[in-house]
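Participant: Have a look at the structure that comes next, please.
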Amino acid sequence: MTKVSMTVNGKPVSGEVEGRTLLVQFLREGQGLTGTHVGCDTSQCGACVVHVDGKAVKSCTIFAAEAEGAEVTTIEGMANPDGSLSTIQQAFQDHHGLQCGFCTPGMVMSAAALLAENPKPTEAEIRDYLEGNICRCTGYHNIVKAILAASGQDVAVAAE
Amino acid sequence: MPKDHGIGASQKRREDVRFLTGRGRYTDDINLPGQAHACFVRSQVAHGRLNGVDTAAAAAMPGVIRVFTGADFEGVGGLPCGWQVTDRHGQPMQEPGHPVLAQGKVRHVGDPIAVVVAETFEQARDAAEMVDVDITELDPVIDMKAALADGAPKVHDDLSSNLCYDWGFVEDNRAAVDEAIRNAHHVTTLELVNNRLVPNAMEPRVAVGDYNFATDDSTLYTTSQNPHVIRLLMGAFVLGIPEHKLRVVAPDVGGGFGSKIFHYAEEAFCTFAAKQLRRPVKWTCQRSESFITDAHGRDHVTKIELALDKEGHFQAIRTETYANMGAYLSTFAPSVPTWLHGTLMAGNYKTPLIYVNVKAVFTNTVPVDAYRGAGRPEATFQLERVIDKAAREMGIDPVEIRRRNFITEFPYATPVAVEYDTGDYHATLDKLLEIADVAGFDKRRAESAKRGKLRGLGLNCYIEACGIAPSQLVGQLGARAGLYESATVRVNATGGLVVMTGSHSHGQGHETSFAQVVADMIGIDENMVEIVHGDTANTPMGMGTYGSRSLAVGGSAMVRATEKIIAKAKKIAAHLMEASPDDIELKDGRFSVAGTDKSVAWGDVTLAAYVPHNYPLEEIEPGLEETAFYDPSNFTYPAGAYACEVEVDPDTGKVTICSFAAADDFGNIVNPMIVDGQVHGGLGQGIGQALLEGAAYDESGQLLTGSYMDYAMPRAGDLPSFTIDHSCQTPCTHNPLGVKGCGEAGAIGSPPAVVNAVVDALQRAGHSNVTHIDMPLTPSRVWAAMQG
Ligand code: FES
Ligand code: FES
């Protein structure tokens, strides 16, 4: 067991982990941050996406120990400071970009990373960027629409 | 003007806030004090004799609490099957045992053999690798026709063969159908495969068993679409726990699409082990494990013949289908290729004679059961493909041939035992042609051609039977359960309501749309209505969510219960205003006496019900709480028309979906935004089936597509934005909301449109010999079709 310390959603946290403990396990089991989900065991579904030092990372692909000293943001840290939904979260609700909600944390975290890199993505760029996030419920239509809306673009361009 | 509240309003979903902030509560988020973790040891071979399981080394591993094997389950019941099909000869289907842990034999890769329970999951997993399983491998049967050959290895030694049943429907029509086909002007024949799918709800299954030895109460937390059904099946048939000592809780459920209807071994195991060990036991499915344990869907091999007269009127349909059951009968498996499939073979058309034959076959593969659409996609696919082929053979436009055969008068009794209550198939087809801009296709095709791409247009109609189901009817058809739904409406003293329903959301937004219905009936703010579901301890016995039934059946129960509430509230209001109950009107949350200016508010009445100082106690009881059970008198019949445009790359065979349009008739609609979303998701599934997805087994019974590396899930880049419309509305005539259900339509209606479009593209490009390509339409299959 080794000790690992990092900042999660602005708060310093630490814990004892095995070498093989994944970041997602540390967050879910160690920190009780169950908003980050596990949808696969081959690093392909994206349900586990968090931000590590500002970059979108599949938290099932890195060990907790590798995040030593990092700034980690999870879905629990995405709302505005007053607790209201952030622009991206609000757009997902407004445009029905989620159904069962299981892929949603990863989708929101990926969307946030996309808009940080590319503030006005086209529909094709959004679809391309979401390559690593699988949703079984929405057919992606409204996820794409929500991200377009969150970027301040006219969603009427996306078919209704 | 779109409505801003009540029935018909696109209310934003109240459940979204918790899902968007990481505050959802899924089963895997539950961790109980003292919880132990289970890891299953599963068969790595498709078929084998289990000679012994040596657990000694595993038991000695760090943290291991106990290792369970089949021997621990000898006195325990097997997993039950909920539907008995009777075959062509009046005999019951062959029904094999389905043990919780393997007894004597393993029958598919993934069949559970032993379970290690340890302090942590890692310890359980490490120890599971030390369990020594002695298996003599047997020849497996994977292909259905091979499984039925004389001398084929038997999946179940105690059955006479691998044939579960040979079903004929309607058997009495058989001779007439044969004769009509013999004498027909034209017969179009098509052989096709409806590819096996892996459901892949994004939330893997999870079970947490808990036991309170002080009270002898067991609790199971599980990823289920129907906790009451699990309680009944597991309690009564597997573990022998009466319902009042067993609670089943399904909290937020991360998608299901059918795969979380069924009672699975892991649920029974965790409940059983928690009692044995007197501590909670948790199992979380790994994705690679879910590929080999969640019931799969589809997997039909079909030959369909359509007889037509010289004007293209359908005269008769005959089908022969082999339906894969897998190694065991999953909970509703026998019903899918029969009653959910044969009864839909009329489609939207007045074909006078239909005969459906289905041979259900055991193979050494994962069990197959209901999956989004369940039987109806298989029916729609073969019918709408054969119609397209017939249209081409007879030189009739594919739109025209459908119109010529549409059912136009309702109610309409089909030759396959169902009665459509209402519909307007011309209307949805007209709407489709408009929203898909079919008139502009030639221009778009020319533009594609300039870029060297082959463009095709495919369209089809569909009908489904939803709102499952009239209990007495399905009882006659072999269902071992009733299929009503329930609701309890509890009004609190200060006027808020809690509605407890036996149906359960796994993504459909029930908390929002159900509240819209009840609030609309009373005329109060939706925020005064709370929806409670997913826990057998605080909801009336109900059958859960599948078959697009929750609003049609569950919503109707809610309407009935709310009607009872309103009737009683009117009596209280009448007493308060010293008027006759018959003169009381309820509008916008106020009771008034007709023709006067006297009124009392909803809250005055609810308070009086719980503080009955001035109250007609001699006539009615205090309190305001009512329960209703609703059993539908018929199925509902959503229908519509879908169109797909594709581009095929002639060099690679790659298919790109350029556009997809859907015109659906769902009857009345409570929340249009949610309905749109349900259609989008269904289309994603249907297009995925058509182009990408397919579970493949090799000859030895290994699942070749056992992870997201090999099983192609549709990604955002594989799908277009959709054009959908549900303004054509013929309300259901027999439920109080006039609703039909919408969750499966997209998955049912879309695969034929995609395949029709690809065949159209190739035909237009001169590949006149290409009349069908089996799904999924991978580049290699399409390319191969173009070569030859
Ligand atoms: S859980 Fe990390 S990608 Fe699937
Ligand atoms: S909303 Fe259910 S998987 Fe995306």
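In the structure tokens, the first chain shown is A, the next is B, and so on; residue numbers restart at 1 for each chain, and ligands run from 1 in the order shown.
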Running DSSP on the backbone, which parts of range 20-110 of chain A land in alpha helix (DSSP H), as a ChimeraX atom specification?
Facilitator: /A:23-25,87-94,104-110
Participant: Which residues of chain B are close to chain A, meaning at most 8 Å apart when you count only C-alpha atoms, and how do they look as a PyMOL selection string?
Facilitator: chain B and resi 12-13+16-17+19-24+29+200-204+252-255+286-288+506-509+673-674+677-678+680-685+707-709+713-717+719-724
Participant: Let me see the file: selected residues, C-alpha atoms, as a PDB file, in the first residue's frame.
Facilitator:
ATOM      1  CA  LYS B  12     -37.542  19.205 -18.531  1.00  0.00           C
ATOM      2  CA  ARG B  13     -36.777  16.083 -16.596  1.00  0.00           C
ATOM      3  CA  ASP B  16     -31.641  15.072 -14.724  1.00  0.00           C
ATOM      4  CA  VAL B  17     -30.329  17.268 -11.953  1.00  0.00           C
ATOM      5  CA  PHE B  19     -27.709  12.550 -12.968  1.00  0.00           C
ATOM      6  CA  LEU B  20     -25.905  15.672 -14.168  1.00  0.00           C
ATOM      7  CA  THR B  21     -24.288  16.357 -10.840  1.00  0.00           C
ATOM      8  CA  GLY B  22     -23.146  12.833 -10.033  1.00  0.00           C
ATOM      9  CA  ARG B  23     -25.877  12.362  -7.427  1.00  0.00           C
ATOM     10  CA  GLY B  24     -27.670   9.477  -9.108  1.00  0.00           C
ATOM     11  CA  ASP B  29     -23.126   3.069  -5.665  1.00  0.00           C
ATOM     12  CA  ASN B 200     -25.110  -3.487 -23.562  1.00  0.00           C
ATOM     13  CA  ALA B 201     -26.982  -1.199 -21.239  1.00  0.00           C
ATOM     14  CA  MET B 202     -24.168   1.094 -20.190  1.00  0.00           C
ATOM     15  CA  GLU B 203     -24.636   0.230 -16.541  1.00  0.00           C
ATOM     16  CA  PRO B 204     -23.444  -3.340 -16.027  1.00  0.00           C
ATOM     17  CA  ASP B 252     -31.546   4.302 -10.490  1.00  0.00           C
ATOM     18  CA  VAL B 253     -31.104   1.873 -13.363  1.00  0.00           C
ATOM     19  CA  GLY B 254     -28.620   2.706 -16.087  1.00  0.00           C
ATOM     20  CA  GLY B 255     -30.459   1.385 -19.097  1.00  0.00           C
ATOM     21  CA  GLN B 286     -17.437  -6.604 -15.348  1.00  0.00           C
ATOM     22  CA  ARG B 287     -18.253  -5.622 -18.928  1.00  0.00           C
ATOM     23  CA  SER B 288     -16.505  -8.646 -20.399  1.00  0.00           C
ATOM     24  CA  HIS B 506     -34.453   2.819 -16.469  1.00  0.00           C
ATOM     25  CA  GLY B 507     -34.002   6.030 -18.376  1.00  0.00           C
ATOM     26  CA  GLN B 508     -37.496   6.863 -19.608  1.00  0.00           C
ATOM     27  CA  GLY B 509     -38.102   9.832 -17.317  1.00  0.00           C
ATOM     28  CA  MET B 673     -39.358  15.863 -25.657  1.00  0.00           C
ATOM     29  CA  ILE B 674     -39.089  12.506 -23.905  1.00  0.00           C
ATOM     30  CA  GLY B 677     -35.552  10.989 -27.116  1.00  0.00           C
ATOM     31  CA  GLN B 678     -37.018   7.489 -26.977  1.00  0.00           C
ATOM     32  CA  HIS B 680     -33.682   8.676 -31.156  1.00  0.00           C
ATOM     33  CA  GLY B 681     -32.395   5.924 -28.912  1.00  0.00           C
ATOM     34  CA  GLY B 682     -34.379   3.269 -30.711  1.00  0.00           C
ATOM     35  CA  LEU B 683     -33.055   4.474 -34.050  1.00  0.00           C
ATOM     36  CA  GLY B 684     -29.529   4.302 -32.666  1.00  0.00           C
ATOM     37  CA  GLN B 685     -30.140   0.678 -31.763  1.00  0.00           C
ATOM     38  CA  SER B 707     -15.794  -6.692 -25.559  1.00  0.00           C
ATOM     39  CA  TYR B 708     -16.048  -3.224 -27.023  1.00  0.00           C
ATOM     40  CA  MET B 709     -12.891  -3.995 -28.957  1.00  0.00           C
ATOM     41  CA  MET B 713     -21.377  -0.322 -30.557  1.00  0.00           C
ATOM     42  CA  PRO B 714     -22.763   2.655 -32.457  1.00  0.00           C
ATOM     43  CA  ARG B 715     -20.757   5.781 -31.634  1.00  0.00           C
ATOM     44  CA  ALA B 716     -21.715   9.372 -32.198  1.00  0.00           C
ATOM     45  CA  GLY B 717     -19.837   9.434 -35.494  1.00  0.00           C
ATOM     46  CA  LEU B 719     -25.141   8.132 -36.655  1.00  0.00           C
ATOM     47  CA  PRO B 720     -26.705  11.216 -38.212  1.00  0.00           C
ATOM     48  CA  SER B 721     -29.009  13.691 -36.555  1.00  0.00           C
ATOM     49  CA  PHE B 722     -32.514  12.370 -37.073  1.00  0.00           C
ATOM     50  CA  THR B 723     -35.614  13.927 -38.569  1.00  0.00           C
ATOM     51  CA  ILE B 724     -38.620  12.754 -36.626  1.00  0.00           C
TER      52      ILE B 724
END
Participant: Ranking B:Arg376, B:Arg385, B:Arg107, B:His504 by minimum distance to Ser700 in chain B and counting only C-alpha atoms, which one comes first?
Facilitator: B:Arg107
Participant: Would you kindly return, as an mmCIF file with C-alpha atoms, in the first residue's frame, each protein, DNA or RNA residue with an atom no farther than 9 Å from any atom of Asn364 in chain B, considering only C-alpha atoms and excluding same-chain residues fewer than 3 positions away?
Facilitator:
data_model
loop_
_atom_site.group_PDB
_atom_site.id
_atom_site.type_symbol
_atom_site.label_atom_id
_atom_site.label_comp_id
_atom_site.auth_asym_id
_atom_site.auth_seq_id
_atom_site.Cartn_x
_atom_site.Cartn_y
_atom_site.Cartn_z
ATOM 1 C CA ALA B 46 -19.079 -24.017 -24.310
ATOM 2 C CA HIS B 47 -19.986 -27.545 -23.345
ATOM 3 C CA VAL B 106 -21.546 -26.529 -18.219
ATOM 4 C CA ARG B 107 -23.517 -25.381 -21.241
ATOM 5 C CA HIS B 108 -22.093 -22.086 -22.438
ATOM 6 C CA VAL B 109 -19.015 -19.958 -22.036
ATOM 7 C CA PRO B 140 -20.729 -28.083 -28.531
ATOM 8 C CA VAL B 141 -23.677 -27.191 -30.754
ATOM 9 C CA ILE B 142 -23.558 -23.605 -31.929
ATOM 10 C CA VAL B 155 -27.254 -29.384 -24.599
ATOM 11 C CA GLY B 326 -29.167 -20.369 -26.101
ATOM 12 C CA ALA B 327 -28.283 -22.882 -23.422
ATOM 13 C CA TYR B 328 -31.167 -22.276 -21.004
ATOM 14 C CA PRO B 367 -29.445 -17.498 -23.388
ATOM 15 C CA GLY B 701 -18.551 -21.731 -28.808
#
Participant: Would you list the contacts of Pro112 in chain B as number ranges by chain, taking every protein, DNA or RNA residue within 9 Å and counting only C-alpha atoms, but skipping same-chain residues closer than 5 positions in sequence?
Facilitator: B: 40-43, 70, 100-102, 106, 265-266, 293
Participant: Between CA of Gly258 in chain B and CA of Val208 in chain B, what is the distance in Å, rounded to a tenth?
Facilitator: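 Computing the Euclidean distance for CA of Gly258 in chain B and CA of Val208 in chain B yields 20.4 Å.
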Participant: Leaving out range 222-228 of chain B and any residue of its chain fewer than 4 positions from it, which residues lie within 6 Å of it when counting only C-alpha atoms, given as an NGL selection string?
Facilitator: :B and (205-207 or 248 or 250 or 253 or 260-261 or 504 or 536 or 543-545)
